[in-house]
Amino acid sequence: MAPYASDDTTSGRRKAVRYVVPVTVVGVAAATIGLVPALADSGDPDLPKITAQQLIEKIAASDVEQLSGTVKITTDLGLPDLGGLAGSLASAGGGAGGAGDGSSADPSARLTELASGTHTLRIAADGPDRQKVSLLEKAAEYSVIHNGTDVWGYDSATDEVYHSKSPEDADAHGKENGRTGAEQAPTPKEFADQALKAVDGTTSVTVDGTVHVAGRDAYKLLVKPKDADSTVGAISIAVDAKTGLPLKFTLTPKSGGAAVVDAGFTQVRFAKPAASTFDFTPPKGAKVTEADDAGHSAADRAKGKGGAGLPGGEGFGGLDGLNVLGDGWDSIATFDTGSGSGLPSASKSSGGEAGAFGDLLGSFGDKATGKFGSGTVFSTRLVNALITDDGKVYAGAVTKDALVKAADAAAKK
């Protein structure tokens, strides 16, 4: 990343965080989630002075591959609590573009639940070939285990297992083209990496003091977009002073109030986890679904051909026509659903749950008109989406007026 002239970045404009969104707006919300503050330990640490550029370089140079810990994430987009509906839509094809059989252990469905509410994750990693993420629930646990070429999902509540092979091109083309569900877990680092891609000349970047996080000394990096159309107020990243690993990531909306998402380590240990952590054998009697049986493999999801994306914002299928308008914080993703009929409804959609969700969105949306015609704007505390009556979608962390302007400009072409 180019050096800053001061703590305020003046580097050349970069492409914004990719707004890769599925047809359903719940996917839009999940795909553009940022992270938010958690309460710090008392008594800020006394650390050597560091510039914003140096701190960003410290994050980039972080080479932590072995760790274990607990992450707490709270998401408040202002959406109604969808519960299992989001996962059902993903696995049924409402937001995934995949044919799945609705297995409760499919990571592409289960991890969409992190788009709302408060959740606790137990995380372990041992290099690029072994990761485990467990979603802890009241009386059950859901886990995704990546061990070598195998990816397992296990839902203890239903005693269901989902199995797939990690993408063959993961090593040849890097993590970007072939990451497993465990690798894309919503950790502070995952969100920080995405947010820092949006840093450009329209961004203020400063060091905002120090903090204790999960018993570790950390610096706070404060990122503030300057674009008038952006709905992002500020992003705060707590960076481990020793390793450079992001420990917390905070995103608050420009409209004020509580953070949109609060995600951070409550416990963390930088040591090699026991090898047995990543061992998994389906329990006797459990229902096992192979990825091919569900109609979409892990490789297909990694290439964007099937399966739902995770809150990290990648892997949403069926969007070959996706375009990003503009760059920087006011980028807008646009694509054509091909339906020619705007929001899905129970009468228009072959999927009952997807249709019901479309009706739900319609009840919360506001009508919008312009040179593009008419449509419905669905809003959260961070993400807005315009779905036109002819089936085009414009979405991003921008104001509703910005979406209408984008649709009007497209209509002139």
# chains A, B, ... in the order shown; residues from 1 in each chain; ligands from 1
$ residues_around --residues "Ser134 in chain A" --least-positions-apart "6" --cutoff "12 Å" --atoms "only C-alpha atoms" --output "short mmCIF file (atom, residue, chain, number, x, y, z; two decimals) with all heavy atoms, in the first residue's frame"
data_model
loop_
_atom_site.label_atom_id
_atom_site.label_comp_id
_atom_site.auth_asym_id
_atom_site.auth_seq_id
_atom_site.Cartn_x
_atom_site.Cartn_y
_atom_site.Cartn_z
N SER A 68 -5.73 -20.42 18.49
CA SER A 68 -7.04 -20.91 18.92
C SER A 68 -7.65 -19.83 19.80
O SER A 68 -6.92 -19.02 20.40
CB SER A 68 -6.90 -22.23 19.70
OG SER A 68 -6.05 -22.07 20.82
N GLY A 69 -8.96 -19.78 19.84
CA GLY A 69 -9.59 -18.75 20.65
C GLY A 69 -11.09 -18.72 20.47
O GLY A 69 -11.68 -19.57 19.79
N THR A 70 -11.69 -17.70 21.09
CA THR A 70 -13.15 -17.52 21.05
C THR A 70 -13.45 -16.13 20.50
O THR A 70 -12.84 -15.14 20.91
CB THR A 70 -13.75 -17.66 22.45
OG1 THR A 70 -13.40 -18.94 22.99
CG2 THR A 70 -15.27 -17.55 22.40
N VAL A 71 -14.37 -16.08 19.56
CA VAL A 71 -14.79 -14.81 18.95
C VAL A 71 -16.28 -14.60 19.23
O VAL A 71 -17.09 -15.51 19.05
CB VAL A 71 -14.55 -14.81 17.43
CG1 VAL A 71 -15.18 -13.57 16.79
CG2 VAL A 71 -13.07 -14.87 17.13
N LYS A 72 -16.62 -13.42 19.69
CA LYS A 72 -18.02 -13.05 19.88
C LYS A 72 -18.41 -12.06 18.79
O LYS A 72 -17.70 -11.08 18.55
CB LYS A 72 -18.25 -12.43 21.25
CG LYS A 72 -19.71 -12.10 21.53
CD LYS A 72 -19.89 -11.54 22.93
CE LYS A 72 -21.35 -11.20 23.22
NZ LYS A 72 -21.54 -10.63 24.58
N ALA A 105 -26.38 -29.20 7.92
CA ALA A 105 -24.94 -29.15 8.16
C ALA A 105 -24.18 -28.45 7.05
O ALA A 105 -22.95 -28.33 7.13
CB ALA A 105 -24.40 -30.57 8.35
N PRO A 107 -22.35 -25.72 5.29
CA PRO A 107 -21.82 -24.43 5.73
C PRO A 107 -22.40 -23.25 4.97
O PRO A 107 -22.57 -22.17 5.53
CB PRO A 107 -20.31 -24.57 5.47
CG PRO A 107 -20.05 -26.03 5.46
CD PRO A 107 -21.29 -26.66 4.88
N ARG A 110 -25.67 -22.62 6.92
CA ARG A 110 -25.62 -22.36 8.34
C ARG A 110 -24.91 -21.07 8.71
O ARG A 110 -25.34 -20.33 9.61
CB ARG A 110 -24.96 -23.54 9.06
CG ARG A 110 -25.84 -24.76 9.18
CD ARG A 110 -27.15 -24.46 9.89
NE ARG A 110 -26.91 -23.93 11.23
CZ ARG A 110 -26.78 -24.69 12.31
NH1 ARG A 110 -26.88 -26.00 12.20
NH2 ARG A 110 -26.55 -24.14 13.48
N LEU A 111 -23.81 -20.77 8.03
CA LEU A 111 -23.04 -19.60 8.43
C LEU A 111 -23.70 -18.28 8.03
O LEU A 111 -23.27 -17.22 8.47
CB LEU A 111 -21.62 -19.69 7.88
CG LEU A 111 -20.79 -20.84 8.48
CD1 LEU A 111 -19.36 -20.81 7.95
CD2 LEU A 111 -20.77 -20.78 10.00
N HIS A 119 -23.62 -14.20 18.43
CA HIS A 119 -23.14 -15.57 18.32
C HIS A 119 -21.73 -15.68 18.90
O HIS A 119 -20.96 -14.72 18.89
CB HIS A 119 -23.11 -16.01 16.85
CG HIS A 119 -24.42 -15.87 16.15
ND1 HIS A 119 -25.40 -16.83 16.20
CD2 HIS A 119 -24.92 -14.85 15.40
CE1 HIS A 119 -26.45 -16.43 15.51
NE2 HIS A 119 -26.18 -15.23 15.01
N THR A 120 -21.42 -16.87 19.39
CA THR A 120 -20.09 -17.15 19.89
C THR A 120 -19.45 -18.24 19.03
O THR A 120 -20.06 -19.28 18.79
CB THR A 120 -20.13 -17.61 21.35
OG1 THR A 120 -20.70 -16.58 22.16
CG2 THR A 120 -18.72 -17.92 21.86
N LEU A 121 -18.23 -17.97 18.58
CA LEU A 121 -17.50 -18.91 17.73
C LEU A 121 -16.25 -19.37 18.44
O LEU A 121 -15.54 -18.56 19.06
CB LEU A 121 -17.10 -18.24 16.41
CG LEU A 121 -18.20 -17.64 15.54
CD1 LEU A 121 -17.57 -16.93 14.34
CD2 LEU A 121 -19.16 -18.70 15.08
N ARG A 122 -15.96 -20.64 18.35
CA ARG A 122 -14.68 -21.17 18.81
C ARG A 122 -13.85 -21.49 17.57
O ARG A 122 -14.31 -22.20 16.68
CB ARG A 122 -14.88 -22.42 19.68
CG ARG A 122 -13.59 -22.88 20.35
CD ARG A 122 -13.85 -23.86 21.47
NE ARG A 122 -14.61 -25.01 20.98
CZ ARG A 122 -15.69 -25.49 21.58
NH1 ARG A 122 -16.17 -24.90 22.66
NH2 ARG A 122 -16.31 -26.55 21.09
N ILE A 123 -12.64 -20.94 17.50
CA ILE A 123 -11.83 -20.99 16.28
C ILE A 123 -10.47 -21.62 16.56
O ILE A 123 -9.86 -21.37 17.61
CB ILE A 123 -11.64 -19.57 15.71
CG1 ILE A 123 -12.98 -19.02 15.24
CG2 ILE A 123 -10.64 -19.56 14.57
CD1 ILE A 123 -12.93 -17.59 14.78
N ALA A 124 -10.02 -22.45 15.64
CA ALA A 124 -8.66 -23.01 15.72
C ALA A 124 -8.08 -23.06 14.31
O ALA A 124 -8.80 -23.30 13.34
CB ALA A 124 -8.69 -24.42 16.32
N ALA A 125 -6.78 -22.81 14.19
CA ALA A 125 -6.12 -22.84 12.89
C ALA A 125 -4.70 -23.36 13.03
O ALA A 125 -4.00 -23.05 13.99
CB ALA A 125 -6.11 -21.45 12.26
N ALA A 140 -26.49 -27.09 21.68
CA ALA A 140 -25.92 -27.80 20.54
C ALA A 140 -24.70 -27.05 20.03
O ALA A 140 -24.34 -25.99 20.55
CB ALA A 140 -26.96 -27.95 19.43
N GLU A 141 -24.07 -27.62 19.02
CA GLU A 141 -22.90 -27.01 18.43
C GLU A 141 -22.86 -27.35 16.94
O GLU A 141 -23.18 -28.47 16.54
CB GLU A 141 -21.64 -27.54 19.11
CG GLU A 141 -20.34 -26.95 18.58
CD GLU A 141 -19.13 -27.43 19.37
OE1 GLU A 141 -19.20 -27.41 20.62
OE2 GLU A 141 -18.13 -27.83 18.74
N TYR A 142 -22.50 -26.35 16.14
CA TYR A 142 -22.32 -26.58 14.71
C TYR A 142 -20.85 -26.30 14.38
O TYR A 142 -20.30 -25.27 14.76
CB TYR A 142 -23.21 -25.66 13.87
CG TYR A 142 -22.89 -25.79 12.40
CD1 TYR A 142 -23.29 -26.92 11.70
CD2 TYR A 142 -22.14 -24.82 11.75
CE1 TYR A 142 -22.94 -27.07 10.36
CE2 TYR A 142 -21.81 -24.96 10.41
CZ TYR A 142 -22.21 -26.10 9.73
OH TYR A 142 -21.86 -26.26 8.41
N SER A 143 -20.21 -27.22 13.67
CA SER A 143 -18.79 -27.07 13.38
C SER A 143 -18.51 -27.25 11.89
O SER A 143 -19.16 -28.06 11.22
CB SER A 143 -17.96 -28.10 14.16
OG SER A 143 -18.05 -27.88 15.55
N VAL A 144 -17.54 -26.49 11.40
CA VAL A 144 -16.97 -26.67 10.07
C VAL A 144 -15.50 -27.01 10.27
O VAL A 144 -14.77 -26.26 10.94
CB VAL A 144 -17.10 -25.41 9.20
CG1 VAL A 144 -16.53 -25.68 7.81
CG2 VAL A 144 -18.53 -24.95 9.10
N ILE A 145 -15.07 -28.15 9.73
CA ILE A 145 -13.69 -28.60 9.90
C ILE A 145 -13.04 -28.77 8.54
O ILE A 145 -13.55 -29.49 7.68
CB ILE A 145 -13.62 -29.94 10.65
CG1 ILE A 145 -14.34 -29.85 11.99
CG2 ILE A 145 -12.18 -30.37 10.87
CD1 ILE A 145 -15.71 -30.48 11.99
N HIS A 146 -11.92 -28.09 8.33
CA HIS A 146 -11.12 -28.27 7.12
C HIS A 146 -9.83 -28.97 7.52
O HIS A 146 -9.04 -28.44 8.30
CB HIS A 146 -10.81 -26.90 6.49
CG HIS A 146 -9.86 -26.98 5.33
ND1 HIS A 146 -8.96 -25.96 5.03
CD2 HIS A 146 -9.64 -27.95 4.40
CE1 HIS A 146 -8.25 -26.29 3.97
NE2 HIS A 146 -8.63 -27.51 3.57
N TRP A 152 -15.67 -30.77 6.40
CA TRP A 152 -16.82 -31.38 7.06
C TRP A 152 -17.66 -30.31 7.75
O TRP A 152 -17.13 -29.36 8.32
CB TRP A 152 -16.37 -32.37 8.14
CG TRP A 152 -15.58 -33.55 7.66
CD1 TRP A 152 -14.22 -33.66 7.60
CD2 TRP A 152 -16.11 -34.78 7.17
NE1 TRP A 152 -13.86 -34.89 7.11
CE2 TRP A 152 -14.99 -35.61 6.84
CE3 TRP A 152 -17.39 -35.29 6.99
CZ2 TRP A 152 -15.13 -36.89 6.34
CZ3 TRP A 152 -17.54 -36.57 6.50
CH2 TRP A 152 -16.44 -37.36 6.18
N GLY A 153 -18.96 -30.46 7.68
CA GLY A 153 -19.87 -29.66 8.48
C GLY A 153 -20.68 -30.61 9.34
O GLY A 153 -21.16 -31.64 8.85
N TYR A 154 -20.82 -30.30 10.64
CA TYR A 154 -21.58 -31.20 11.53
C TYR A 154 -22.50 -30.40 12.42
O TYR A 154 -22.08 -29.47 13.12
CB TYR A 154 -20.64 -32.04 12.39
CG TYR A 154 -21.39 -32.92 13.38
CD1 TYR A 154 -22.32 -33.86 12.93
CD2 TYR A 154 -21.19 -32.79 14.75
CE1 TYR A 154 -23.03 -34.65 13.83
CE2 TYR A 154 -21.89 -33.59 15.66
CZ TYR A 154 -22.81 -34.51 15.19
OH TYR A 154 -23.52 -35.29 16.07
N ASP A 155 -23.78 -30.76 12.40
CA ASP A 155 -24.81 -30.14 13.23
C ASP A 155 -25.22 -31.14 14.30
O ASP A 155 -25.90 -32.14 14.01
CB ASP A 155 -26.00 -29.75 12.36
CG ASP A 155 -27.07 -28.98 13.13
OD1 ASP A 155 -26.96 -28.91 14.37
OD2 ASP A 155 -27.99 -28.45 12.49
N SER A 156 -24.81 -30.90 15.54
CA SER A 156 -25.11 -31.86 16.60
C SER A 156 -26.59 -31.87 16.96
O SER A 156 -27.10 -32.87 17.46
CB SER A 156 -24.28 -31.54 17.85
OG SER A 156 -24.69 -30.31 18.44
N GLY A 181 -15.24 -23.04 3.99
CA GLY A 181 -16.08 -22.30 4.92
C GLY A 181 -15.33 -21.93 6.18
O GLY A 181 -15.48 -20.84 6.72
N ALA A 182 -14.48 -22.85 6.69
CA ALA A 182 -13.72 -22.56 7.90
C ALA A 182 -12.76 -21.40 7.69
O ALA A 182 -12.56 -20.57 8.58
CB ALA A 182 -12.96 -23.81 8.34
N ALA A 185 -14.42 -17.82 7.91
CA ALA A 185 -15.14 -17.47 9.12
C ALA A 185 -14.99 -15.98 9.41
O ALA A 185 -13.95 -15.39 9.12
CB ALA A 185 -14.62 -18.29 10.29
N PRO A 186 -16.02 -15.35 9.97
CA PRO A 186 -15.99 -13.90 10.20
C PRO A 186 -15.12 -13.51 11.38
O PRO A 186 -15.59 -13.09 12.42
CB PRO A 186 -17.46 -13.57 10.46
CG PRO A 186 -18.01 -14.80 11.07
CD PRO A 186 -17.31 -15.93 10.37
N THR A 277 -7.65 -31.79 17.13
CA THR A 277 -8.67 -30.75 16.99
C THR A 277 -9.35 -30.83 15.63
O THR A 277 -10.55 -30.54 15.50
CB THR A 277 -8.04 -29.35 17.16
OG1 THR A 277 -7.41 -29.27 18.43
CG2 THR A 277 -9.09 -28.25 17.04
N PHE A 278 -8.60 -31.25 14.61
CA PHE A 278 -9.10 -31.23 13.25
C PHE A 278 -9.54 -32.61 12.75
O PHE A 278 -9.89 -32.77 11.58
CB PHE A 278 -8.03 -30.65 12.32
CG PHE A 278 -7.47 -29.35 12.83
CD1 PHE A 278 -6.22 -29.30 13.44
CD2 PHE A 278 -8.20 -28.18 12.73
CE1 PHE A 278 -5.71 -28.12 13.94
CE2 PHE A 278 -7.70 -26.98 13.22
CZ PHE A 278 -6.45 -26.94 13.83
#
$ closest_residue --among "A:Lys226, A:Lys248, A:His212, A:Lys284" --to "Glu190 in chain A" --atoms "only C-alpha atoms"
A:Lys248
$ atom_distance --atom1 "CA of His163 in chain A" --atom2 "CA of Asp292 in chain A"
9.2 Å
$ atom_distance --atom1 "CA of Lys272 in chain A" --atom2 "CA of Ala238 in chain A"
22.9 Å
$ atom_distance --atom1 "CA of Thr334 in chain A" --atom2 "CA of Val393 in chain A"
5.3 Å
$ residues_around --residues "Asp159 in chain A" --least-positions-apart "5" --cutoff "9 Å" --atoms "only C-alpha atoms" --output "list of chain:residue names"
A:Ser104, A:Ala105, A:Tyr154, A:Pro283, A:Gly285, A:Ala286, A:Lys287, A:Val288
$ write_last_selection --atoms "C-alpha atoms" --output "PDB file, in the first residue's frame"
ATOM      1  CA  SER A 104     -28.688 -28.438   8.171  1.00  0.00           C
ATOM      2  CA  ALA A 105     -24.942 -29.147   8.162  1.00  0.00           C
ATOM      3  CA  TYR A 154     -21.576 -31.200  11.526  1.00  0.00           C
ATOM      4  CA  PRO A 283     -21.020 -40.248  14.322  1.00  0.00           C
ATOM      5  CA  GLY A 285     -26.208 -43.206  12.621  1.00  0.00           C
ATOM      6  CA  ALA A 286     -25.700 -39.604  11.467  1.00  0.00           C
ATOM      7  CA  LYS A 287     -27.166 -38.543   8.116  1.00  0.00           C
ATOM      8  CA  VAL A 288     -24.261 -37.778   5.759  1.00  0.00           C
TER       9      VAL A 288
END
$ select_by_dssp --residues "range 113-291 of chain A" --states "strand (DSSP E or B)" --output "count of residues only"
88
$ residues_around --residues "Gln66 in chain A" --least-positions-apart "3" --cutoff "12 Å" --atoms "only C-alpha atoms" --output "list in words"
Ser62, Asp63, Gly69, Ile123, Ala124, Ala125, Asp126, Gly127, Pro128, Asp129, Arg130, Gln131, Lys132, Thr243, Leu245, Val268, Arg269, Phe270, Ala271, Lys272, Pro273, Ala274 and Ala275 of chain A
$ residues_around --residues "Leu222 in chain A" --least-positions-apart "3" --cutoff "12 Å" --atoms "only C-alpha atoms" --output "number ranges by chain"
A: 7-9, 36-37, 51-53, 55-56, 192, 195-196, 199, 203-210, 219, 225, 233-239, 248-252
$ residues_around --residues "range 400-406 of chain A" --least-positions-apart "2" --cutoff "10 Å" --atoms "only C-alpha atoms" --output "VMD selection string"
chain A and resid 228 to 231 325 to 326 330 to 334 368 to 375 377 to 379 383 to 388 393 to 398 408 to 411
$ closest_residue --among "A:Thr380, A:Thr337, A:Asn147, A:Thr399" --to "Gly365 in chain A" --atoms "only C-alpha atoms"
A:Thr380
